[in-house]
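So this block is query-v9.cif, mmCIF, C-alpha atoms, pLDDT in the B column; chains and numbers go by the auth columns:
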data_model
loop_
_atom_site.group_PDB
_atom_site.id
_atom_site.type_symbol
_atom_site.label_atom_id
_atom_site.label_comp_id
_atom_site.label_asym_id
_atom_site.label_seq_id
_atom_site.Cartn_x
_atom_site.Cartn_y
_atom_site.Cartn_z
_atom_site.B_iso_or_equiv
_atom_site.auth_seq_id
_atom_site.auth_asym_id
ATOM 1 C CA MET A 1 -66.155 77.810 -26.722 82.00 223 A
ATOM 2 C CA ASP A 2 -64.942 74.684 -28.490 96.00 224 A
ATOM 3 C CA PRO A 3 -65.781 71.537 -26.455 98.00 225 A
ATOM 4 C CA PHE A 4 -62.228 70.269 -26.844 98.00 226 A
ATOM 5 C CA ASP A 5 -60.902 73.529 -25.338 98.00 227 A
ATOM 6 C CA LEU A 6 -63.033 72.806 -22.267 98.00 228 A
ATOM 7 C CA ALA A 7 -61.993 69.140 -22.184 98.00 229 A
ATOM 8 C CA PHE A 8 -58.305 70.080 -22.329 98.00 230 A
ATOM 9 C CA ALA A 9 -58.804 72.677 -19.582 98.00 231 A
ATOM 10 C CA ALA A 10 -60.419 69.977 -17.406 98.00 232 A
ATOM 11 C CA ALA A 11 -57.533 67.606 -18.208 98.00 233 A
ATOM 12 C CA ARG A 12 -54.943 70.214 -17.201 98.00 234 A
ATOM 13 C CA GLU A 13 -56.859 70.898 -13.991 98.00 235 A
ATOM 14 C CA ALA A 14 -56.824 67.166 -13.244 98.00 236 A
ATOM 15 C CA ALA A 15 -53.049 67.076 -13.811 97.00 237 A
ATOM 16 C CA ASP A 16 -52.595 70.021 -11.430 96.00 238 A
ATOM 17 C CA LEU A 17 -54.352 67.911 -8.791 96.00 239 A
ATOM 18 C CA GLY A 18 -52.080 64.917 -9.444 96.00 240 A
ATOM 19 C CA GLU A 19 -54.690 63.039 -11.472 98.00 241 A
ATOM 20 C CA VAL A 20 -54.056 61.512 -14.899 98.00 242 A
ATOM 21 C CA PRO A 21 -54.859 64.391 -17.276 98.00 243 A
ATOM 22 C CA VAL A 22 -58.083 63.375 -18.961 98.00 244 A
ATOM 23 C CA GLY A 23 -61.014 65.718 -19.502 98.00 245 A
ATOM 24 C CA ALA A 24 -64.535 65.182 -20.814 98.00 246 A
ATOM 25 C CA VAL A 25 -67.354 67.463 -21.959 98.00 247 A
ATOM 26 C CA LEU A 26 -70.957 66.577 -22.780 98.00 248 A
ATOM 27 C CA VAL A 27 -72.853 68.766 -25.241 98.00 249 A
ATOM 28 C CA ARG A 28 -76.464 68.771 -26.424 98.00 250 A
ATOM 29 C CA ASP A 29 -77.740 71.083 -29.153 96.00 251 A
ATOM 30 C CA GLY A 30 -74.554 73.145 -28.955 96.00 252 A
ATOM 31 C CA ALA A 31 -74.884 73.770 -25.200 98.00 253 A
ATOM 32 C CA VAL A 32 -72.379 72.386 -22.698 98.00 254 A
ATOM 33 C CA ILE A 33 -74.206 70.246 -20.158 98.00 255 A
ATOM 34 C CA ALA A 34 -71.276 68.894 -18.129 98.00 256 A
ATOM 35 C CA THR A 35 -67.502 69.147 -17.885 98.00 257 A
ATOM 36 C CA ALA A 36 -65.247 66.951 -15.763 98.00 258 A
ATOM 37 C CA GLY A 37 -61.671 65.859 -15.285 98.00 259 A
ATOM 38 C CA ASN A 38 -60.324 62.660 -13.788 98.00 260 A
ATOM 39 C CA ARG A 39 -60.739 62.459 -9.979 98.00 261 A
ATOM 40 C CA PRO A 40 -60.132 58.823 -8.869 98.00 262 A
ATOM 41 C CA ARG A 41 -57.443 59.819 -6.356 97.00 263 A
ATOM 42 C CA ALA A 42 -59.230 62.860 -4.964 97.00 264 A
ATOM 43 C CA LEU A 43 -62.551 61.044 -4.591 98.00 265 A
ATOM 44 C CA ARG A 44 -60.962 57.712 -3.639 98.00 266 A
ATOM 45 C CA ASP A 45 -63.167 56.176 -6.296 98.00 267 A
ATOM 46 C CA PRO A 46 -61.744 54.011 -9.103 98.00 268 A
ATOM 47 C CA THR A 47 -64.794 54.813 -11.238 98.00 269 A
ATOM 48 C CA ALA A 48 -64.255 58.601 -11.064 98.00 270 A
ATOM 49 C CA HIS A 49 -62.953 58.855 -14.619 98.00 271 A
ATOM 50 C CA ALA A 50 -63.681 62.108 -16.457 98.00 272 A
ATOM 51 C CA GLU A 51 -66.264 60.442 -18.713 98.00 273 A
ATOM 52 C CA ILE A 52 -68.175 58.866 -15.804 98.00 274 A
ATOM 53 C CA LEU A 53 -68.214 62.119 -13.830 98.00 275 A
ATOM 54 C CA ALA A 54 -69.427 64.069 -16.874 98.00 276 A
ATOM 55 C CA ILE A 55 -72.138 61.471 -17.557 98.00 277 A
ATOM 56 C CA ARG A 56 -73.302 61.598 -13.919 98.00 278 A
ATOM 57 C CA ALA A 57 -73.414 65.406 -13.950 98.00 279 A
ATOM 58 C CA ALA A 58 -75.276 65.528 -17.271 98.00 280 A
ATOM 59 C CA CYS A 59 -77.833 62.959 -16.120 98.00 281 A
ATOM 60 C CA ALA A 60 -78.426 64.980 -12.940 98.00 282 A
ATOM 61 C CA ALA A 61 -78.728 68.228 -14.921 98.00 283 A
ATOM 62 C CA LEU A 62 -81.179 66.727 -17.413 97.00 284 A
ATOM 63 C CA GLY A 63 -83.068 64.557 -14.920 98.00 285 A
ATOM 64 C CA ASP A 64 -82.671 61.462 -17.079 98.00 286 A
ATOM 65 C CA GLU A 65 -80.445 58.384 -17.136 97.00 287 A
ATOM 66 C CA ARG A 66 -80.284 58.546 -20.917 98.00 288 A
ATOM 67 C CA LEU A 67 -78.310 61.168 -22.773 98.00 289 A
ATOM 68 C CA SER A 68 -79.847 60.715 -26.204 96.00 290 A
ATOM 69 C CA GLY A 69 -78.843 63.501 -28.545 98.00 291 A
ATOM 70 C CA CYS A 70 -75.722 64.283 -26.497 98.00 292 A
ATOM 71 C CA ASP A 71 -72.162 64.258 -27.793 98.00 293 A
ATOM 72 C CA LEU A 72 -69.133 63.448 -25.628 99.00 294 A
ATOM 73 C CA TYR A 73 -65.715 65.022 -26.198 98.00 295 A
ATOM 74 C CA VAL A 74 -62.782 63.351 -24.410 98.00 296 A
ATOM 75 C CA THR A 75 -59.035 63.921 -24.476 98.00 297 A
ATOM 76 C CA LEU A 76 -58.232 60.171 -24.392 98.00 298 A
ATOM 77 C CA GLU A 77 -59.857 57.056 -25.840 98.00 299 A
ATOM 78 C CA PRO A 78 -62.314 55.808 -23.205 98.00 300 A
ATOM 79 C CA CYS A 79 -61.441 52.683 -21.245 98.00 301 A
ATOM 80 C CA PRO A 80 -63.790 49.668 -21.327 98.00 302 A
ATOM 81 C CA MET A 81 -65.653 50.840 -18.195 98.00 303 A
ATOM 82 C CA CYS A 82 -66.288 54.275 -19.681 98.00 304 A
ATOM 83 C CA ALA A 83 -67.217 52.813 -23.069 98.00 305 A
ATOM 84 C CA GLY A 84 -69.842 50.698 -21.302 98.00 306 A
ATOM 85 C CA ALA A 85 -71.234 53.760 -19.535 98.00 307 A
ATOM 86 C CA ILE A 86 -71.302 55.678 -22.831 98.00 308 A
ATOM 87 C CA SER A 87 -73.336 52.865 -24.348 98.00 309 A
ATOM 88 C CA PHE A 88 -75.762 52.622 -21.413 98.00 310 A
ATOM 89 C CA ALA A 89 -76.239 56.405 -21.442 98.00 311 A
ATOM 90 C CA ARG A 90 -77.138 56.219 -25.153 98.00 312 A
ATOM 91 C CA ILE A 91 -74.697 58.986 -26.079 98.00 313 A
ATOM 92 C CA ARG A 92 -75.091 59.895 -29.740 98.00 314 A
ATOM 93 C CA ARG A 93 -71.495 60.676 -30.728 98.00 315 A
ATOM 94 C CA LEU A 94 -68.084 60.177 -29.158 98.00 316 A
ATOM 95 C CA TYR A 95 -65.177 62.406 -30.154 98.00 317 A
ATOM 96 C CA TYR A 96 -61.773 61.742 -28.643 98.00 318 A
ATOM 97 C CA ALA A 97 -58.250 63.036 -29.043 98.00 319 A
ATOM 98 C CA ALA A 98 -55.502 60.490 -28.314 97.00 320 A
ATOM 99 C CA SER A 99 -55.795 56.750 -28.794 97.00 321 A
ATOM 100 C CA ASP A 100 -54.955 54.474 -25.869 97.00 322 A
ATOM 101 C CA PRO A 101 -53.495 51.209 -27.195 96.00 323 A
ATOM 102 C CA LYS A 102 -52.863 49.935 -23.653 95.00 324 A
ATOM 103 C CA GLY A 103 -56.085 50.864 -21.848 97.00 325 A
ATOM 104 C CA GLY A 104 -58.596 51.884 -24.495 98.00 326 A
ATOM 105 C CA GLY A 105 -61.882 50.115 -24.957 98.00 327 A
ATOM 106 C CA VAL A 106 -63.170 51.677 -28.186 98.00 328 A
ATOM 107 C CA GLU A 107 -60.669 51.129 -30.995 97.00 329 A
ATOM 108 C CA HIS A 108 -58.261 49.095 -28.862 97.00 330 A
ATOM 109 C CA GLY A 109 -58.657 46.331 -26.285 96.00 331 A
ATOM 110 C CA PRO A 110 -62.148 44.858 -26.094 97.00 332 A
ATOM 111 C CA ARG A 111 -63.688 47.293 -28.599 98.00 333 A
ATOM 112 C CA VAL A 112 -66.846 47.496 -26.532 98.00 334 A
ATOM 113 C CA PHE A 113 -69.045 49.044 -29.215 98.00 335 A
ATOM 114 C CA ASN A 114 -68.259 46.204 -31.646 98.00 336 A
ATOM 115 C CA GLN A 115 -69.455 43.456 -29.303 97.00 337 A
ATOM 116 C CA PRO A 116 -72.765 41.708 -30.021 96.00 338 A
ATOM 117 C CA THR A 117 -73.790 42.367 -26.399 95.00 339 A
ATOM 118 C CA CYS A 118 -73.511 46.135 -26.891 97.00 340 A
ATOM 119 C CA HIS A 119 -77.048 47.495 -27.201 93.00 341 A
ATOM 120 C CA HIS A 120 -76.088 51.001 -28.297 98.00 342 A
ATOM 121 C CA ALA A 121 -72.981 52.149 -30.132 98.00 343 A
ATOM 122 C CA PRO A 122 -72.353 55.852 -30.635 98.00 344 A
ATOM 123 C CA GLU A 123 -70.816 57.260 -33.764 98.00 345 A
ATOM 124 C CA VAL A 124 -67.080 57.426 -33.015 98.00 346 A
ATOM 125 C CA TYR A 125 -64.616 60.021 -34.283 98.00 347 A
ATOM 126 C CA SER A 126 -60.994 60.022 -33.161 97.00 348 A
ATOM 127 C CA GLY A 127 -57.710 61.857 -33.643 95.00 349 A
ATOM 128 C CA PHE A 128 -58.822 65.387 -32.701 96.00 350 A
ATOM 129 C CA ARG A 129 -55.847 67.325 -31.295 97.00 351 A
ATOM 130 C CA GLU A 130 -54.147 63.966 -30.794 97.00 352 A
ATOM 131 C CA ARG A 131 -50.620 65.373 -30.537 97.00 353 A
ATOM 132 C CA GLU A 132 -51.681 67.860 -27.878 97.00 354 A
ATOM 133 C CA ALA A 133 -53.371 65.159 -25.810 98.00 355 A
ATOM 134 C CA ALA A 134 -50.431 62.765 -26.163 96.00 356 A
ATOM 135 C CA ALA A 135 -47.983 65.500 -25.141 97.00 357 A
ATOM 136 C CA LEU A 136 -50.076 66.337 -22.078 97.00 358 A
ATOM 137 C CA LEU A 137 -50.087 62.689 -20.991 96.00 359 A
ATOM 138 C CA ARG A 138 -46.381 62.158 -21.723 96.00 360 A
ATOM 139 C CA GLY A 139 -45.469 65.278 -19.768 95.00 361 A
ATOM 140 C CA PHE A 140 -47.575 64.219 -16.817 96.00 362 A
ATOM 141 C CA PHE A 141 -46.059 60.746 -16.601 92.00 363 A
ATOM 142 C CA ALA A 142 -42.511 62.000 -17.233 90.00 364 A
ATOM 143 C CA GLY A 143 -42.943 64.346 -14.282 79.00 365 A
ATOM 144 C CA ARG A 144 -44.117 61.497 -12.066 79.00 366 A
ATOM 145 C CA ARG A 145 -41.059 59.389 -12.975 75.00 367 A
ATOM 146 C CA ALA A 146 -38.583 62.201 -12.257 67.00 368 A
#
Whole structure given in structure tokens:
Amino acid sequence: MDPFDLAFAAAREAADLGEVPVGAVLVRDGAVIATAGNRPRALRDPTAHAEILAIRAACAALGDERLSGCDLYVTLEPCPMCAGAISFARIRRLYYAASDPKGGGVEHGPRVFNQPTCHHAPEVYSGFREREAAALLRGFFAGRRA
């Protein structure tokens, strides 16, 4: 299955639980290692973003704090916290759907991977299924305002 299909499924599951609909999938050598959706509210943990949860699960599955050779697929541009974790985990490639001009940390905001203090920057590819991701987020927040 396409990693973005899994990431979007995790994002929709998060939305069903009242979480901001963001999903993340970590892949190595074509095999899915971890899938997660946002859970800050459910876990009462502000760090429980989809990317962080997927990184934690992948590290546990592989028995290593480094995820060299792994690729991360996310439905939304990672925030600065998640970008930092991606760097520390040594993730090879980052693919994301929608940009986040307000809260992003990759191509917006602090641009974590462009900082001289960043020790590892993954290859970054954006814009995959961007309209679908943006529509999912807009629908979620429109429903919360109603």
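Here atom CA of A:Tyr317 and atom CA of A:Leu275 stand 16.6 Å from one another.
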The PyMOL selection byres ((chain A and resi 304-310) around 7) on the file shown: which residues, as a PyMOL selection string? chain A and resi 273-274+300-303+311-313+327-328+334+342-343
Exercise: stretch 350-367 of chain A partners within 7 Å, all atoms listed in the file, chain neighbours under 2 positions left out, as a PyMOL selection string: chain A and resi 237+243+297+318-320+348
Please check which residues have atoms at most 12 Å from (-71.0, 68.2, -18.0) in the file's coordinates, counting all atoms listed in the file, and write them as number ranges by chain. A: 225, 228-229, 232, 245-250, 253-259, 272-284, 289, 292-296
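Considering all atoms listed in the file, the residue among A:Ala233, A:Arg314, A:Cys340, A:Met223 positioned nearest to A:Arg288 is A:Arg314.
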What is the distance, in Å and to one decimal place, between atom CA of A:Asp238 and atom CA of A:Val346?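 So the answer is 28.9 Å.
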Quick one, how far is atom CA of A:Glu235 from atom CA of A:Gly325?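 Atom-to-atom, atom CA of A:Glu235 and atom CA of A:Gly325 are spaced 21.5 Å apart.
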Residue among A:Ser290, A:Glu241, A:Leu316, A:Pro338 lying closest to A:Pro268, counting only C-alpha atoms: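 Of A:Ser290, A:Glu241, A:Leu316, A:Pro338, the one nearest A:Pro268, counting only C-alpha atoms, is A:Glu241.
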Find the axis-aligned box for stretch 251-263 of chain A, covering all its listed atoms and adding 5 Å on each side, and write its centre and edge lengths in Å to one decimal as JSON.
{"center_x": -67.6, "center_y": 66.3, "center_z": -17.8, "size_x": 30.3, "size_y": 24.9, "size_z": 32.8}
Mind checking which residues fall within 7 Å of A:Arg261, counting all atoms listed in the file, ignoring those fewer than 4 positions away in the same chain, and posting them as a ChimeraX atom specification? /A:236,241,265,270-271
Could you rebuild stretch 261-286 of chain A with N, CA and C atoms and give it back as a PDB file, keeping the file's coordinate frame?
ATOM      1  N   ARG A 261     -60.810  62.216 -11.419  1.00 98.00           N
ATOM      2  CA  ARG A 261     -60.739  62.459  -9.979  1.00 98.00           C
ATOM      3  C   ARG A 261     -60.669  61.165  -9.153  1.00 98.00           C
ATOM      4  N   PRO A 262     -60.154  60.047  -9.690  1.00 98.00           N
ATOM      5  CA  PRO A 262     -60.132  58.823  -8.869  1.00 98.00           C
ATOM      6  C   PRO A 262     -59.368  58.975  -7.559  1.00 98.00           C
ATOM      7  N   ARG A 263     -58.245  59.673  -7.575  1.00 97.00           N
ATOM      8  CA  ARG A 263     -57.443  59.819  -6.356  1.00 97.00           C
ATOM      9  C   ARG A 263     -58.142  60.738  -5.366  1.00 97.00           C
ATOM     10  N   ALA A 264     -58.595  61.880  -5.845  1.00 97.00           N
ATOM     11  CA  ALA A 264     -59.230  62.860  -4.964  1.00 97.00           C
ATOM     12  C   ALA A 264     -60.497  62.306  -4.328  1.00 97.00           C
ATOM     13  N   LEU A 265     -61.280  61.577  -5.092  1.00 98.00           N
ATOM     14  CA  LEU A 265     -62.551  61.044  -4.591  1.00 98.00           C
ATOM     15  C   LEU A 265     -62.408  59.647  -3.989  1.00 98.00           C
ATOM     16  N   ARG A 266     -61.201  59.094  -4.094  1.00 98.00           N
ATOM     17  CA  ARG A 266     -60.962  57.712  -3.639  1.00 98.00           C
ATOM     18  C   ARG A 266     -62.015  56.768  -4.231  1.00 98.00           C
ATOM     19  N   ASP A 267     -62.140  56.912  -5.557  1.00 98.00           N
ATOM     20  CA  ASP A 267     -63.167  56.176  -6.296  1.00 98.00           C
ATOM     21  C   ASP A 267     -62.589  55.751  -7.636  1.00 98.00           C
ATOM     22  N   PRO A 268     -62.342  54.453  -7.841  1.00 98.00           N
ATOM     23  CA  PRO A 268     -61.744  54.011  -9.103  1.00 98.00           C
ATOM     24  C   PRO A 268     -62.630  54.248 -10.321  1.00 98.00           C
ATOM     25  N   THR A 269     -63.901  54.542 -10.105  1.00 98.00           N
ATOM     26  CA  THR A 269     -64.794  54.813 -11.238  1.00 98.00           C
ATOM     27  C   THR A 269     -64.877  56.308 -11.571  1.00 98.00           C
ATOM     28  N   ALA A 270     -64.148  57.154 -10.880  1.00 98.00           N
ATOM     29  CA  ALA A 270     -64.255  58.601 -11.064  1.00 98.00           C
ATOM     30  C   ALA A 270     -63.423  59.091 -12.247  1.00 98.00           C
ATOM     31  N   HIS A 271     -63.587  58.407 -13.375  1.00 98.00           N
ATOM     32  CA  HIS A 271     -62.953  58.855 -14.619  1.00 98.00           C
ATOM     33  C   HIS A 271     -63.725  60.063 -15.130  1.00 98.00           C
ATOM     34  N   ALA A 272     -63.061  60.887 -15.940  1.00 98.00           N
ATOM     35  CA  ALA A 272     -63.681  62.108 -16.457  1.00 98.00           C
ATOM     36  C   ALA A 272     -65.012  61.818 -17.149  1.00 98.00           C
ATOM     37  N   GLU A 273     -65.039  60.763 -17.974  1.00 98.00           N
ATOM     38  CA  GLU A 273     -66.264  60.442 -18.713  1.00 98.00           C
ATOM     39  C   GLU A 273     -67.417  60.096 -17.773  1.00 98.00           C
ATOM     40  N   ILE A 274     -67.143  59.284 -16.759  1.00 98.00           N
ATOM     41  CA  ILE A 274     -68.175  58.866 -15.804  1.00 98.00           C
ATOM     42  C   ILE A 274     -68.704  60.076 -15.037  1.00 98.00           C
ATOM     43  N   LEU A 275     -67.792  60.932 -14.576  1.00 98.00           N
ATOM     44  CA  LEU A 275     -68.214  62.119 -13.830  1.00 98.00           C
ATOM     45  C   LEU A 275     -69.046  63.054 -14.707  1.00 98.00           C
ATOM     46  N   ALA A 276     -68.650  63.222 -15.961  1.00 98.00           N
ATOM     47  CA  ALA A 276     -69.427  64.069 -16.874  1.00 98.00           C
ATOM     48  C   ALA A 276     -70.803  63.455 -17.146  1.00 98.00           C
ATOM     49  N   ILE A 277     -70.854  62.151 -17.336  1.00 98.00           N
ATOM     50  CA  ILE A 277     -72.138  61.471 -17.557  1.00 98.00           C
ATOM     51  C   ILE A 277     -73.042  61.639 -16.342  1.00 98.00           C
ATOM     52  N   ARG A 278     -72.496  61.435 -15.145  1.00 98.00           N
ATOM     53  CA  ARG A 278     -73.302  61.598 -13.919  1.00 98.00           C
ATOM     54  C   ARG A 278     -73.847  63.022 -13.807  1.00 98.00           C
ATOM     55  N   ALA A 279     -72.988  64.002 -14.060  1.00 98.00           N
ATOM     56  CA  ALA A 279     -73.414  65.406 -13.950  1.00 98.00           C
ATOM     57  C   ALA A 279     -74.472  65.740 -14.993  1.00 98.00           C
ATOM     58  N   ALA A 280     -74.297  65.251 -16.206  1.00 98.00           N
ATOM     59  CA  ALA A 280     -75.276  65.528 -17.271  1.00 98.00           C
ATOM     60  C   ALA A 280     -76.615  64.867 -16.965  1.00 98.00           C
ATOM     61  N   CYS A 281     -76.583  63.647 -16.476  1.00 98.00           N
ATOM     62  CA  CYS A 281     -77.833  62.959 -16.120  1.00 98.00           C
ATOM     63  C   CYS A 281     -78.563  63.722 -15.018  1.00 98.00           C
ATOM     64  N   ALA A 282     -77.821  64.202 -14.026  1.00 98.00           N
ATOM     65  CA  ALA A 282     -78.426  64.980 -12.940  1.00 98.00           C
ATOM     66  C   ALA A 282     -79.008  66.288 -13.487  1.00 98.00           C
ATOM     67  N   ALA A 283     -78.266  66.949 -14.365  1.00 98.00           N
ATOM     68  CA  ALA A 283     -78.728  68.228 -14.921  1.00 98.00           C
ATOM     69  C   ALA A 283     -79.982  68.063 -15.773  1.00 98.00           C
ATOM     70  N   LEU A 284     -80.038  66.953 -16.513  1.00 97.00           N
ATOM     71  CA  LEU A 284     -81.179  66.727 -17.413  1.00 97.00           C
ATOM     72  C   LEU A 284     -82.304  65.932 -16.764  1.00 97.00           C
ATOM     73  N   GLY A 285     -82.043  65.347 -15.601  1.00 98.00           N
ATOM     74  CA  GLY A 285     -83.068  64.557 -14.920  1.00 98.00           C
ATOM     75  C   GLY A 285     -83.417  63.287 -15.658  1.00 98.00           C
ATOM     76  N   ASP A 286     -82.423  62.667 -16.279  1.00 98.00           N
ATOM     77  CA  ASP A 286     -82.671  61.462 -17.079  1.00 98.00           C
ATOM     78  C   ASP A 286     -81.423  60.595 -17.075  1.00 98.00           C
TER      79      ASP A 286
END
